[in-house]
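J.: So here's structure-v4.pdb (PDB, C-alpha atoms and all ligand atoms).
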ATOM      1  CA  MET A   1     -44.438  32.270   6.894
ATOM      2  CA  SER A   2     -43.243  28.773   6.145
ATOM      3  CA  LYS A   3     -39.736  27.803   5.325
ATOM      4  CA  PHE A   4     -38.737  24.943   3.036
ATOM      5  CA  GLY A   5     -35.971  22.435   3.405
ATOM      6  CA  VAL A   6     -34.506  19.114   2.379
ATOM      7  CA  MET A   7     -32.439  16.874   4.617
ATOM      8  CA  VAL A   8     -29.920  14.912   2.538
ATOM      9  CA  MET A   9     -29.217  11.618   4.304
ATOM     10  CA  GLY A  10     -27.716   8.206   3.636
ATOM     11  CA  PRO A  11     -24.797   5.925   4.464
ATOM     12  CA  ALA A  12     -21.159   7.054   4.390
ATOM     13  CA  GLY A  13     -19.867   7.969   0.959
ATOM     14  CA  ALA A  14     -23.272   7.643  -0.729
ATOM     15  CA  GLY A  15     -22.688  10.997  -2.472
ATOM     16  CA  LYS A  16     -24.683  13.289  -0.154
ATOM     17  CA  SER A  17     -22.315  16.274  -0.250
ATOM     18  CA  THR A  18     -21.807  15.883  -4.014
ATOM     19  CA  PHE A  19     -25.589  15.853  -4.501
ATOM     20  CA  CYS A  20     -25.954  18.952  -2.281
ATOM     21  CA  ALA A  21     -23.317  20.728  -4.399
ATOM     22  CA  SER A  22     -25.017  19.895  -7.706
ATOM     23  CA  LEU A  23     -28.412  20.835  -6.273
ATOM     24  CA  ILE A  24     -27.037  24.228  -5.196
ATOM     25  CA  THR A  25     -25.457  24.805  -8.636
ATOM     26  CA  HIS A  26     -28.771  23.876 -10.273
ATOM     27  CA  LEU A  27     -30.756  26.219  -8.016
ATOM     28  CA  GLN A  28     -28.328  29.070  -8.690
ATOM     29  CA  LEU A  29     -28.555  28.530 -12.449
ATOM     30  CA  ASN A  30     -32.340  28.716 -12.123
ATOM     31  CA  ARG A  31     -32.154  31.885 -10.043
ATOM     32  CA  ARG A  32     -33.503  30.242  -6.935
ATOM     33  CA  SER A  33     -32.299  31.066  -3.453
ATOM     34  CA  CYS A  34     -30.825  28.354  -1.313
ATOM     35  CA  PHE A  35     -29.215  28.130   2.086
ATOM     36  CA  TYR A  36     -26.655  25.399   2.678
ATOM     37  CA  VAL A  37     -26.414  23.967   6.192
ATOM     38  CA  ASN A  38     -23.603  21.553   6.950
ATOM     39  CA  LEU A  39     -24.518  19.241   9.847
ATOM     40  CA  ASP A  40     -21.538  16.923   9.409
ATOM     41  CA  PRO A  41     -19.044  17.830  12.157
ATOM     42  CA  ALA A  42     -16.367  15.704  10.439
ATOM     43  CA  ALA A  43     -16.693  17.299   6.979
ATOM     44  CA  GLU A  44     -13.469  18.564   5.504
ATOM     45  CA  SER A  45     -14.047  20.422   2.258
ATOM     46  CA  PHE A  46     -16.993  21.706   0.255
ATOM     47  CA  GLU A  47     -17.631  22.797  -3.293
ATOM     48  CA  HIS A  48     -19.940  25.551  -2.001
ATOM     49  CA  THR A  49     -19.120  27.197   1.318
ATOM     50  CA  PRO A  50     -21.854  26.375   3.855
ATOM     51  CA  ASP A  51     -24.009  29.299   5.003
ATOM     52  CA  LEU A  52     -24.342  27.648   8.397
ATOM     53  CA  ASP A  53     -21.876  25.067   9.634
ATOM     54  CA  ILE A  54     -22.104  22.799  12.708
ATOM     55  CA  ARG A  55     -18.292  22.983  12.872
ATOM     56  CA  GLU A  56     -18.651  26.587  14.062
ATOM     57  CA  LEU A  57     -20.501  25.149  17.060
ATOM     58  CA  ILE A  58     -18.514  21.972  17.620
ATOM     59  CA  SER A  59     -15.926  19.985  15.700
ATOM     60  CA  LEU A  60     -15.574  16.225  15.775
ATOM     61  CA  GLU A  61     -11.803  16.465  16.038
ATOM     62  CA  ASP A  62     -12.025  18.496  19.283
ATOM     63  CA  VAL A  63     -14.631  16.122  20.736
ATOM     64  CA  MET A  64     -12.526  13.053  19.976
ATOM     65  CA  GLU A  65      -9.451  14.670  21.497
ATOM     66  CA  GLU A  66     -11.059  16.156  24.596
ATOM     67  CA  MET A  67     -13.607  13.449  25.400
ATOM     68  CA  GLY A  68     -11.463  10.496  24.322
ATOM     69  CA  LEU A  69     -14.210   9.237  22.014
ATOM     70  CA  GLY A  70     -13.935   7.438  18.664
ATOM     71  CA  PRO A  71     -15.427   8.849  15.456
ATOM     72  CA  ASN A  72     -18.913   7.316  15.882
ATOM     73  CA  GLY A  73     -19.295   8.073  19.595
ATOM     74  CA  GLY A  74     -17.882  11.535  18.884
ATOM     75  CA  LEU A  75     -20.515  12.163  16.222
ATOM     76  CA  ILE A  76     -23.335  11.180  18.574
ATOM     77  CA  TYR A  77     -21.835  13.522  21.191
ATOM     78  CA  CYS A  78     -21.755  16.366  18.608
ATOM     79  CA  PHE A  79     -25.450  15.824  17.798
ATOM     80  CA  GLU A  80     -26.389  15.680  21.478
ATOM     81  CA  PHE A  81     -24.511  18.958  21.888
ATOM     82  CA  LEU A  82     -26.408  20.439  18.931
ATOM     83  CA  MET A  83     -29.718  19.362  20.507
ATOM     84  CA  GLU A  84     -28.753  21.229  23.671
ATOM     85  CA  ASN A  85     -27.847  24.318  21.635
ATOM     86  CA  LEU A  86     -30.715  24.537  19.191
ATOM     87  CA  ASP A  87     -30.515  28.340  19.246
ATOM     88  CA  PHE A  88     -27.630  27.849  16.856
ATOM     89  CA  LEU A  89     -30.123  26.636  14.235
ATOM     90  CA  THR A  90     -32.951  29.002  15.179
ATOM     91  CA  GLU A  91     -30.712  32.060  14.955
ATOM     92  CA  GLY A  92     -29.126  30.912  11.710
ATOM     93  CA  LEU A  93     -32.384  30.039   9.927
ATOM     94  CA  ASP A  94     -34.953  32.385  11.443
ATOM     95  CA  SER A  95     -34.653  35.209   8.930
ATOM     96  CA  LEU A  96     -35.008  33.013   5.816
ATOM     97  CA  THR A  97     -38.101  33.626   3.687
ATOM     98  CA  GLU A  98     -40.240  31.068   1.870
ATOM     99  CA  GLU A  99     -38.185  31.640  -1.290
ATOM    100  CA  TYR A 100     -35.238  29.743   0.134
ATOM    101  CA  LEU A 101     -34.630  26.031  -0.115
ATOM    102  CA  ILE A 102     -32.654  25.067   2.991
ATOM    103  CA  ILE A 103     -30.351  22.133   2.253
ATOM    104  CA  PHE A 104     -29.145  20.110   5.246
ATOM    105  CA  ASP A 105     -26.051  18.028   4.478
ATOM    106  CA  MET A 106     -26.046  15.176   7.009
ATOM    107  CA  PRO A 107     -23.254  12.861   8.184
ATOM    108  CA  GLY A 108     -23.044   9.265   6.950
ATOM    109  CA  GLN A 109     -22.983   7.277  10.194
ATOM    110  CA  ILE A 110     -25.719   4.695   9.781
ATOM    111  CA  GLU A 111     -26.500   4.681  13.535
ATOM    112  CA  LEU A 112     -28.054   8.104  13.108
ATOM    113  CA  TYR A 113     -30.677   6.742  10.728
ATOM    114  CA  THR A 114     -31.497   3.451  12.355
ATOM    115  CA  HIS A 115     -31.825   3.490  16.119
ATOM    116  CA  VAL A 116     -30.441   6.615  17.811
ATOM    117  CA  PRO A 117     -33.432   8.902  18.441
ATOM    118  CA  ILE A 118     -31.568  12.159  17.757
ATOM    119  CA  LEU A 119     -32.633  12.768  14.156
ATOM    120  CA  PRO A 120     -36.362  12.354  14.871
ATOM    121  CA  ALA A 121     -35.994  14.947  17.646
ATOM    122  CA  LEU A 122     -34.114  17.268  15.296
ATOM    123  CA  ALA A 123     -36.742  16.827  12.547
ATOM    124  CA  ARG A 124     -39.529  17.523  15.077
ATOM    125  CA  PHE A 125     -37.718  20.665  16.209
ATOM    126  CA  LEU A 126     -37.265  21.937  12.658
ATOM    127  CA  THR A 127     -40.824  21.187  11.592
ATOM    128  CA  ARG A 128     -42.996  21.523  14.686
ATOM    129  CA  THR A 129     -41.693  22.235  18.141
ATOM    130  CA  GLY A 130     -39.278  25.066  17.319
ATOM    131  CA  ASN A 131     -40.477  28.339  15.864
ATOM    132  CA  LEU A 132     -38.919  27.605  12.519
ATOM    133  CA  ASP A 133     -41.883  25.780  10.966
ATOM    134  CA  ILE A 134     -39.852  24.281   8.127
ATOM    135  CA  ARG A 135     -41.665  22.108   5.610
ATOM    136  CA  LEU A 136     -39.061  19.417   5.449
ATOM    137  CA  CYS A 137     -38.486  16.514   3.105
ATOM    138  CA  ALA A 138     -35.920  13.768   3.591
ATOM    139  CA  ALA A 139     -33.813  12.612   0.635
ATOM    140  CA  TYR A 140     -32.165   9.259   1.388
ATOM    141  CA  LEU A 141     -29.298   8.314  -0.926
ATOM    142  CA  LEU A 142     -28.062   4.807  -1.665
ATOM    143  CA  GLU A 143     -25.317   3.954  -4.128
ATOM    144  CA  ALA A 144     -26.682   2.388  -7.315
ATOM    145  CA  THR A 145     -23.636   0.122  -7.686
ATOM    146  CA  PHE A 146     -24.236  -1.461  -4.270
ATOM    147  CA  VAL A 147     -27.869  -1.918  -4.860
ATOM    148  CA  VAL A 148     -27.466  -4.330  -7.761
ATOM    149  CA  ASP A 149     -26.181  -6.795  -5.164
ATOM    150  CA  ARG A 150     -29.327  -8.258  -3.602
ATOM    151  CA  ALA A 151     -28.097  -8.600  -0.036
ATOM    152  CA  LYS A 152     -26.866  -4.991   0.001
ATOM    153  CA  PHE A 153     -30.023  -3.869  -1.724
ATOM    154  CA  PHE A 154     -32.274  -5.296   0.969
ATOM    155  CA  SER A 155     -30.116  -4.013   3.796
ATOM    156  CA  GLY A 156     -30.049  -0.564   2.131
ATOM    157  CA  THR A 157     -33.810  -0.628   1.577
ATOM    158  CA  LEU A 158     -34.399  -1.585   5.208
ATOM    159  CA  SER A 159     -32.152   1.266   6.403
ATOM    160  CA  ALA A 160     -34.018   3.716   4.121
ATOM    161  CA  MET A 161     -37.320   2.414   5.513
ATOM    162  CA  SER A 162     -36.074   2.725   9.066
ATOM    163  CA  ALA A 163     -35.122   6.383   8.456
ATOM    164  CA  MET A 164     -38.473   7.007   6.791
ATOM    165  CA  ILE A 165     -40.483   5.552   9.667
ATOM    166  CA  MET A 166     -38.415   7.299  12.340
ATOM    167  CA  LEU A 167     -38.451  10.772  10.855
ATOM    168  CA  GLU A 168     -42.142  11.196  10.041
ATOM    169  CA  VAL A 169     -41.503  13.685   7.228
ATOM    170  CA  PRO A 170     -42.093  13.214   3.471
ATOM    171  CA  HIS A 171     -39.361  10.988   2.160
ATOM    172  CA  ILE A 172     -37.771  10.250  -1.200
ATOM    173  CA  ASN A 173     -35.209   7.556  -1.920
ATOM    174  CA  ILE A 174     -32.491   8.183  -4.452
ATOM    175  CA  LEU A 175     -30.063   5.847  -6.204
ATOM    176  CA  SER A 176     -26.892   7.904  -6.536
ATOM    177  CA  LYS A 177     -23.859   7.441  -8.797
ATOM    178  CA  MET A 178     -25.924   6.191 -11.733
ATOM    179  CA  ASP A 179     -23.010   7.112 -14.010
ATOM    180  CA  LEU A 180     -21.104   4.136 -12.551
ATOM    181  CA  VAL A 181     -23.764   1.650 -13.665
ATOM    182  CA  LYS A 182     -22.665   1.495 -17.281
ATOM    183  CA  ASP A 183     -22.847  -2.179 -17.915
ATOM    184  CA  GLN A 184     -26.041  -2.965 -19.885
ATOM    185  CA  VAL A 185     -26.686  -6.215 -17.995
ATOM    186  CA  ARG A 186     -26.518  -4.417 -14.666
ATOM    187  CA  LYS A 187     -28.696  -1.575 -15.970
ATOM    188  CA  LYS A 188     -31.318  -4.157 -16.957
ATOM    189  CA  ASP A 189     -31.024  -5.778 -13.548
ATOM    190  CA  LEU A 190     -31.384  -2.394 -11.875
ATOM    191  CA  LYS A 191     -34.925  -2.004 -13.219
ATOM    192  CA  ARG A 192     -36.129  -4.682 -10.829
ATOM    193  CA  PHE A 193     -34.644  -2.739  -7.936
ATOM    194  CA  ILE A 194     -36.044   0.722  -8.720
ATOM    195  CA  THR A 195     -39.472  -0.382  -7.549
ATOM    196  CA  PRO A 196     -38.448  -3.197  -5.238
ATOM    197  CA  ASP A 197     -39.689  -6.580  -6.260
ATOM    198  CA  PRO A 198     -39.993  -8.784  -3.158
ATOM    199  CA  LEU A 199     -39.582 -11.836  -5.374
ATOM    200  CA  LEU A 200     -35.945 -10.801  -5.743
ATOM    201  CA  LEU A 201     -35.416 -12.454  -2.401
ATOM    202  CA  ASP A 202     -36.931 -15.731  -3.472
ATOM    203  CA  ASP A 203     -34.972 -18.390  -5.208
ATOM    204  CA  ASP A 204     -34.801 -18.149  -8.948
ATOM    205  CA  PRO A 205     -36.993 -21.042 -10.387
ATOM    206  CA  ALA A 206     -34.206 -21.861 -12.889
ATOM    207  CA  GLU A 207     -31.759 -22.240  -9.998
ATOM    208  CA  ILE A 208     -34.161 -24.535  -8.132
ATOM    209  CA  ALA A 209     -34.527 -26.700 -11.271
ATOM    210  CA  ARG A 210     -30.736 -26.824 -11.749
ATOM    211  CA  ARG A 211     -30.146 -27.899  -8.134
ATOM    212  CA  LYS A 212     -32.836 -30.566  -8.454
ATOM    213  CA  ALA A 213     -31.186 -31.954 -11.605
ATOM    214  CA  GLU A 214     -27.740 -31.896  -9.957
ATOM    215  CA  GLY A 215     -29.037 -33.280  -6.656
ATOM    216  CA  THR A 216     -27.385 -30.385  -4.754
ATOM    217  CA  SER A 217     -28.797 -27.919  -2.245
ATOM    218  CA  ALA A 218     -28.579 -24.127  -1.857
ATOM    219  CA  GLU A 219     -26.133 -24.693   1.017
ATOM    220  CA  ASP A 220     -23.797 -26.583  -1.381
ATOM    221  CA  ASP A 221     -23.824 -23.490  -3.647
ATOM    222  CA  ILE A 222     -22.819 -21.292  -0.729
ATOM    223  CA  LEU A 223     -19.990 -23.634   0.292
ATOM    224  CA  ALA A 224     -18.777 -23.854  -3.314
ATOM    225  CA  ASN A 225     -18.837 -20.106  -3.800
ATOM    226  CA  PRO A 226     -18.693 -18.255  -0.468
ATOM    227  CA  GLN A 227     -17.934 -14.933  -2.227
ATOM    228  CA  ASP A 228     -21.309 -14.933  -3.984
ATOM    229  CA  THR A 229     -23.429 -12.784  -1.695
ATOM    230  CA  ASP A 230     -26.561 -13.542  -3.733
ATOM    231  CA  ALA A 231     -26.225 -17.166  -2.649
ATOM    232  CA  VAL A 232     -25.875 -16.215   1.013
ATOM    233  CA  MET A 233     -29.476 -15.078   0.977
ATOM    234  CA  LYS A 234     -30.733 -18.289  -0.574
ATOM    235  CA  GLY A 235     -30.026 -21.051   1.907
ATOM    236  CA  ALA A 236     -33.082 -22.984   3.096
ATOM    237  CA  SER A 237     -32.507 -21.675   6.604
ATOM    238  CA  PHE A 238     -32.808 -18.138   5.289
ATOM    239  CA  ARG A 239     -35.995 -18.722   3.378
ATOM    240  CA  ARG A 240     -38.449 -17.854   6.157
ATOM    241  CA  LEU A 241     -36.427 -14.832   7.204
ATOM    242  CA  ASN A 242     -36.194 -13.665   3.574
ATOM    243  CA  ARG A 243     -39.935 -14.065   3.105
ATOM    244  CA  ALA A 244     -40.591 -12.048   6.269
ATOM    245  CA  VAL A 245     -38.275  -9.249   5.117
ATOM    246  CA  ALA A 246     -39.786  -9.254   1.611
ATOM    247  CA  GLY A 247     -43.288  -9.192   3.142
ATOM    248  CA  LEU A 248     -42.338  -6.226   5.292
ATOM    249  CA  ILE A 249     -41.061  -4.238   2.314
ATOM    250  CA  GLU A 250     -44.084  -5.212   0.240
ATOM    251  CA  ASN A 251     -46.585  -4.382   2.970
ATOM    252  CA  PHE A 252     -45.204  -0.915   3.401
ATOM    253  CA  SER A 253     -44.895  -0.605  -0.391
ATOM    254  CA  MET A 254     -43.422   2.804   0.190
ATOM    255  CA  VAL A 255     -39.871   2.274  -0.932
ATOM    256  CA  SER A 256     -39.118   3.104  -4.530
ATOM    257  CA  TYR A 257     -36.123   4.908  -5.972
ATOM    258  CA  LEU A 258     -35.367   7.890  -8.147
ATOM    259  CA  LYS A 259     -32.227   7.725 -10.246
ATOM    260  CA  LEU A 260     -29.564  10.399  -9.834
ATOM    261  CA  ASP A 261     -26.668  11.221 -12.133
ATOM    262  CA  VAL A 262     -25.056  14.336 -10.669
ATOM    263  CA  GLN A 263     -23.271  15.107 -13.952
ATOM    264  CA  ASN A 264     -26.620  15.420 -15.672
ATOM    265  CA  GLU A 265     -28.453  18.700 -15.150
ATOM    266  CA  GLU A 266     -31.814  17.151 -16.112
ATOM    267  CA  SER A 267     -31.449  14.379 -13.570
ATOM    268  CA  VAL A 268     -30.742  16.870 -10.766
ATOM    269  CA  GLY A 269     -33.671  19.011 -11.987
ATOM    270  CA  ALA A 270     -36.015  16.003 -11.926
ATOM    271  CA  ILE A 271     -35.084  15.199  -8.317
ATOM    272  CA  LEU A 272     -35.579  18.852  -7.359
ATOM    273  CA  SER A 273     -39.113  18.694  -8.829
ATOM    274  CA  TYR A 274     -39.879  15.711  -6.588
ATOM    275  CA  ILE A 275     -38.539  17.594  -3.574
ATOM    276  CA  ASP A 276     -40.574  20.694  -4.515
ATOM    277  CA  ASP A 277     -43.719  18.563  -4.834
ATOM    278  CA  CYS A 278     -43.138  16.829  -1.498
ATOM    279  CA  ILE A 279     -42.888  20.104   0.382
ATOM    280  CA  GLN A 280     -45.330  21.999  -1.877
ATOM    281  CA  TYR A 281     -42.734  24.685  -2.488
ATOM    282  CA  HIS A 282     -44.363  26.306  -5.513
ATOM    283  CA  GLU A 283     -47.804  26.634  -3.907
ATOM    284  CA  ALA A 284     -46.344  28.941  -1.268
ATOM    285  CA  GLN A 285     -44.496  31.327  -3.559
ATOM    286  CA  GLU A 286     -45.804  34.850  -3.948
ATOM    287  CA  PRO A 287     -46.025  36.044  -7.546
ATOM    288  CA  LYS A 288     -42.853  38.019  -8.136
ATOM    289  CA  GLU A 289     -42.805  41.493  -9.608
ATOM    290  CA  LEU A 290     -40.250  41.789 -12.351
ATOM    291  CA  LYS A 291     -37.594  44.370 -11.731
ATOM    292  CA  ASP A 292     -37.721  47.454 -13.978
ATOM    293  CA  GLU A 293     -34.743  46.433 -16.046
ATOM    294  CA  GLU A 294     -36.417  43.112 -16.870
ATOM    295  CA  PHE A 295     -39.256  45.038 -18.532
ATOM    296  CA  ASP A 296     -36.896  46.934 -20.788
ATOM    297  CA  GLU A 297     -37.056  45.917 -24.398
ATOM    298  CA  PRO A 298     -33.667  44.894 -25.724
ATOM    299  CA  GLU A 299     -32.191  47.696 -27.785
ATOM    300  CA  GLU A 300     -32.438  47.170 -31.514
TER     301      GLU A 300
HETATM  302  N1  LIG B 401     -18.770   8.549 -10.125
HETATM  303  C1  LIG B 401     -19.413   9.228  -9.184
HETATM  304  N2  LIG B 401     -18.795   9.468  -8.019
HETATM  305  C2  LIG B 401     -19.463  10.153  -7.083
HETATM  306  C3  LIG B 401     -20.793  10.623  -7.288
HETATM  307  N3  LIG B 401     -21.212  11.258  -6.161
HETATM  308  C4  LIG B 401     -20.182  11.192  -5.303
HETATM  309  N4  LIG B 401     -19.126  10.541  -5.841
HETATM  310  C5  LIG B 401     -17.824  10.275  -5.199
HETATM  311  O1  LIG B 401     -18.068   9.509  -4.023
HETATM  312  C6  LIG B 401     -17.232   9.942  -2.962
HETATM  313  C7  LIG B 401     -18.064  10.341  -1.755
HETATM  314  O2  LIG B 401     -18.877  11.439  -2.110
HETATM  315  P1  LIG B 401     -19.449  12.451  -1.038
HETATM  316  O3  LIG B 401     -20.356  13.384  -1.776
HETATM  317  O4  LIG B 401     -18.376  13.040  -0.213
HETATM  318  O5  LIG B 401     -20.303  11.450  -0.160
HETATM  319  P2  LIG B 401     -20.995  11.723   1.240
HETATM  320  O6  LIG B 401     -22.220  10.871   1.246
HETATM  321  O7  LIG B 401     -21.166  13.186   1.458
HETATM  322  O8  LIG B 401     -19.910  11.126   2.224
HETATM  323  P3  LIG B 401     -19.846  11.317   3.823
HETATM  324  O9  LIG B 401     -20.270  12.737   4.116
HETATM  325  O10 LIG B 401     -18.414  11.046   4.148
HETATM  326  O11 LIG B 401     -20.774  10.308   4.406
HETATM  327  C8  LIG B 401     -16.397  11.091  -3.518
HETATM  328  O12 LIG B 401     -15.147  10.578  -3.897
HETATM  329  C9  LIG B 401     -17.188  11.557  -4.714
HETATM  330  O13 LIG B 401     -16.341  12.112  -5.703
HETATM  331  C10 LIG B 401     -21.430  10.331  -8.550
HETATM  332  O14 LIG B 401     -22.577  10.669  -8.823
HETATM  333  N5  LIG B 401     -20.690   9.627  -9.438
HETATM  334 MG    MG B 402     -20.626  14.460   3.067
END
What does this structure look like when you write it as structure tokens?
T.:
Amino acid sequence: MSKFGVMVMGPAGAGKSTFCASLITHLQLNRRSCFYVNLDPAAESFEHTPDLDIRELISLEDVMEEMGLGPNGGLIYCFEFLMENLDFLTEGLDSLTEEYLIIFDMPGQIELYTHVPILPALARFLTRTGNLDIRLCAAYLLEATFVVDRAKFFSGTLSAMSAMIMLEVPHINILSKMDLVKDQVRKKDLKRFITPDPLLLDDDPAEIARRKAEGTSAEDDILANPQDTDAVMKGASFRRLNRAVAGLIENFSMVSYLKLDVQNEESVGAILSYIDDCIQYHEAQEPKELKDEEFDEPEE
């Protein structure tokens, strides 16, 4: 019997826990079973009480106090401790049937998704090496408001790609906090980012023409306006690096984004359908027998 799960990941404050909460509310409204696992040892409060909580095993506060570690080192220690005590997960999840969607709420430290090999080991345990046999999908959240800024967009896309390559499980990327992108100009701009356009990294032809007419260079633009992060990516010295990064994203052509507005039931439902498809949730469900009372005709 397979189990089904989604691991909600992404940088600090991207809206992971908020998304988990609205996903749980949506599942409950649609009479689906879910099981909420908090894997953030520093989490403080939740809209829905977790069914399994890493803080019952180890809390970041205790680790920082007893081991003299800072918040990031402490988090890595907590995950290493979890990996040595995987029974905690096996015992907590073993009895779940294929009806359940297991939602893992992950911490936001970017180290976890880029180079520390703990998450790949955890994903392997959940999907293959343990007895749990969870069909797992990763949902990587990035804030839509950040993404409209090109430099942040490419760094976010690279971090999403790094998580995707490391984890080796089906992966969806989500732009969260869409409600904050109200401005029409930014909304229009956002379209180019949903399916990343590598040309975004190249200089705008109009800008090149303007600089030619003015006899200035991209570096002059940066010096004149150091706050403009778009310009930081455009200096001649960056051009080869930019092209290489754009080529990398294009060659993988695997990063595209779904839009999430947690206030909007339909938007949450649409993302759930993607998750269901990724893990083939519906294919595994047994036809359900309706309970007797559901057969009863309503009384006239
Ligand atoms: N406007 C708006 N705010 C949001 C949305 N999602 C989350 N937030 C706010 O963003 C902040 C961070 O949200 P969380 O859900 O705690 O983010 P997180 O990714 O779980 O954060 P960490 O676990 O600390 O990494 C909170 O103040 C939320 O209220 C959204 O869709 N729209
Ligand atoms: Mg959180």
J.: When the cut-off is 7 Å and you count all atoms listed in the file, which residues lie near ligand LIG 401 (chain B), shown as a PDB file with C-alpha atoms, keeping the file's coordinate frame?
T.:
ATOM      1  CA  GLY A  10     -27.716   8.206   3.636  1.00  0.00           C
ATOM      2  CA  PRO A  11     -24.797   5.925   4.464  1.00  0.00           C
ATOM      3  CA  ALA A  12     -21.159   7.054   4.390  1.00  0.00           C
ATOM      4  CA  GLY A  13     -19.867   7.969   0.959  1.00  0.00           C
ATOM      5  CA  ALA A  14     -23.272   7.643  -0.729  1.00  0.00           C
ATOM      6  CA  GLY A  15     -22.688  10.997  -2.472  1.00  0.00           C
ATOM      7  CA  LYS A  16     -24.683  13.289  -0.154  1.00  0.00           C
ATOM      8  CA  SER A  17     -22.315  16.274  -0.250  1.00  0.00           C
ATOM      9  CA  THR A  18     -21.807  15.883  -4.014  1.00  0.00           C
ATOM     10  CA  PHE A  19     -25.589  15.853  -4.501  1.00  0.00           C
ATOM     11  CA  ASP A  40     -21.538  16.923   9.409  1.00  0.00           C
ATOM     12  CA  ALA A  43     -16.693  17.299   6.979  1.00  0.00           C
ATOM     13  CA  MET A 106     -26.046  15.176   7.009  1.00  0.00           C
ATOM     14  CA  PRO A 107     -23.254  12.861   8.184  1.00  0.00           C
ATOM     15  CA  GLY A 108     -23.044   9.265   6.950  1.00  0.00           C
ATOM     16  CA  GLN A 109     -22.983   7.277  10.194  1.00  0.00           C
ATOM     17  CA  SER A 176     -26.892   7.904  -6.536  1.00  0.00           C
ATOM     18  CA  LYS A 177     -23.859   7.441  -8.797  1.00  0.00           C
ATOM     19  CA  MET A 178     -25.924   6.191 -11.733  1.00  0.00           C
ATOM     20  CA  ASP A 179     -23.010   7.112 -14.010  1.00  0.00           C
ATOM     21  CA  LEU A 180     -21.104   4.136 -12.551  1.00  0.00           C
ATOM     22  CA  ASP A 261     -26.668  11.221 -12.133  1.00  0.00           C
ATOM     23  CA  VAL A 262     -25.056  14.336 -10.669  1.00  0.00           C
ATOM     24  CA  GLN A 263     -23.271  15.107 -13.952  1.00  0.00           C
TER      25      GLN A 263
END
J.: Considering only C-alpha atoms and all ligand atoms, can you say which of A:Phe35, A:Phe153, A:Phe125, A:Phe46 comes closest to ligand MG 402 (chain B)?
T.: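 Answer, going by the shortest atom-to-atom distance: A:Phe46.
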J.: What residues come out when you apply the PyMOL selection byres (((chain A and resi 157) around 10) and not hetatm) to this file, written as a PDB file with C-alpha atoms, in the frame of the given file?
T.:
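Generated output (part.pdb):
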ATOM      1  CA  LEU A 142     -28.062   4.807  -1.665  1.00  0.00           C
ATOM      2  CA  VAL A 147     -27.869  -1.918  -4.860  1.00  0.00           C
ATOM      3  CA  ALA A 151     -28.097  -8.600  -0.036  1.00  0.00           C
ATOM      4  CA  LYS A 152     -26.866  -4.991   0.001  1.00  0.00           C
ATOM      5  CA  PHE A 153     -30.023  -3.869  -1.724  1.00  0.00           C
ATOM      6  CA  PHE A 154     -32.274  -5.296   0.969  1.00  0.00           C
ATOM      7  CA  SER A 155     -30.116  -4.013   3.796  1.00  0.00           C
ATOM      8  CA  GLY A 156     -30.049  -0.564   2.131  1.00  0.00           C
ATOM      9  CA  LEU A 158     -34.399  -1.585   5.208  1.00  0.00           C
ATOM     10  CA  SER A 159     -32.152   1.266   6.403  1.00  0.00           C
ATOM     11  CA  ALA A 160     -34.018   3.716   4.121  1.00  0.00           C
ATOM     12  CA  MET A 161     -37.320   2.414   5.513  1.00  0.00           C
ATOM     13  CA  SER A 162     -36.074   2.725   9.066  1.00  0.00           C
ATOM     14  CA  ALA A 163     -35.122   6.383   8.456  1.00  0.00           C
ATOM     15  CA  ASN A 173     -35.209   7.556  -1.920  1.00  0.00           C
ATOM     16  CA  PHE A 193     -34.644  -2.739  -7.936  1.00  0.00           C
ATOM     17  CA  PRO A 196     -38.448  -3.197  -5.238  1.00  0.00           C
ATOM     18  CA  ILE A 249     -41.061  -4.238   2.314  1.00  0.00           C
ATOM     19  CA  VAL A 255     -39.871   2.274  -0.932  1.00  0.00           C
ATOM     20  CA  SER A 256     -39.118   3.104  -4.530  1.00  0.00           C
ATOM     21  CA  TYR A 257     -36.123   4.908  -5.972  1.00  0.00           C
TER      22      TYR A 257
END
J.: Given the file above and the PyMOL selection byres (((chain A and resi 92-97) around 10) and not hetatm), which residues are selected, and can you give them as a PyMOL selection string?
T.: chain A and resi 1-4+33-35+37+51-53+86-91+98-102+126+131-134+285
J.: Give the answer as one residue: which of A:Leu122, A:Ala42, A:Ala244, A:Ile58 has the shortest atom-to-atom distance to ligand MG 402 (chain B), using all atoms listed in the file?
T.: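 Looking at the shortest contact to ligand MG 402 (chain B), the residue is A:Ala42.
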J.: Just give me the gap between atom CA of Pro117 of chain A and atom CA of Phe79 of chain A in Å, one decimal is fine.
T.: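 Atom-to-atom, atom CA of Pro117 of chain A and atom CA of Phe79 of chain A are spaced 10.6 Å apart.
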J.: Taking into account only C-alpha atoms and all ligand atoms, which residue in the set A:Gly247, A:Pro41, A:Pro287, A:Gly5 is nearest to ligand MG 402 (chain B)?
T.: A:Pro41
J.: I'd like to know which of A:Asn30, A:Asn85, A:Ser45, A:Thr129 is closest to ligand MG 402 (chain B), using all atoms listed in the file.
T.: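 Of A:Asn30, A:Asn85, A:Ser45, A:Thr129, the one nearest ligand MG 402 (chain B), counting all atoms listed in the file, is A:Ser45.
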J.: When you draw a straight line from atom CA of Phe104 of chain A to atom CA of Met7 of chain A, how long is it in Å?
T.: 4.7 Å
J.: May I ask for the distance between atom CA of Leu60 of chain A and atom CA of Leu141 of chain A, given in Å to one decimal place?
T.: 23.0 Å
J.: Tell me which of A:Leu29, A:Leu69, A:Ile110, A:Asp105 sits closest to ligand MG 402 (chain B), counting only C-alpha atoms and all ligand atoms.
T.: A:Asp105
J.: With only C-alpha atoms as the basis for distance, which of A:Leu248, A:Ile54, A:Leu272, A:Val116 is at the shortest distance from Cys137 of chain A?
T.: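 Distance minimum relative to Cys137 of chain A lands on A:Leu272.
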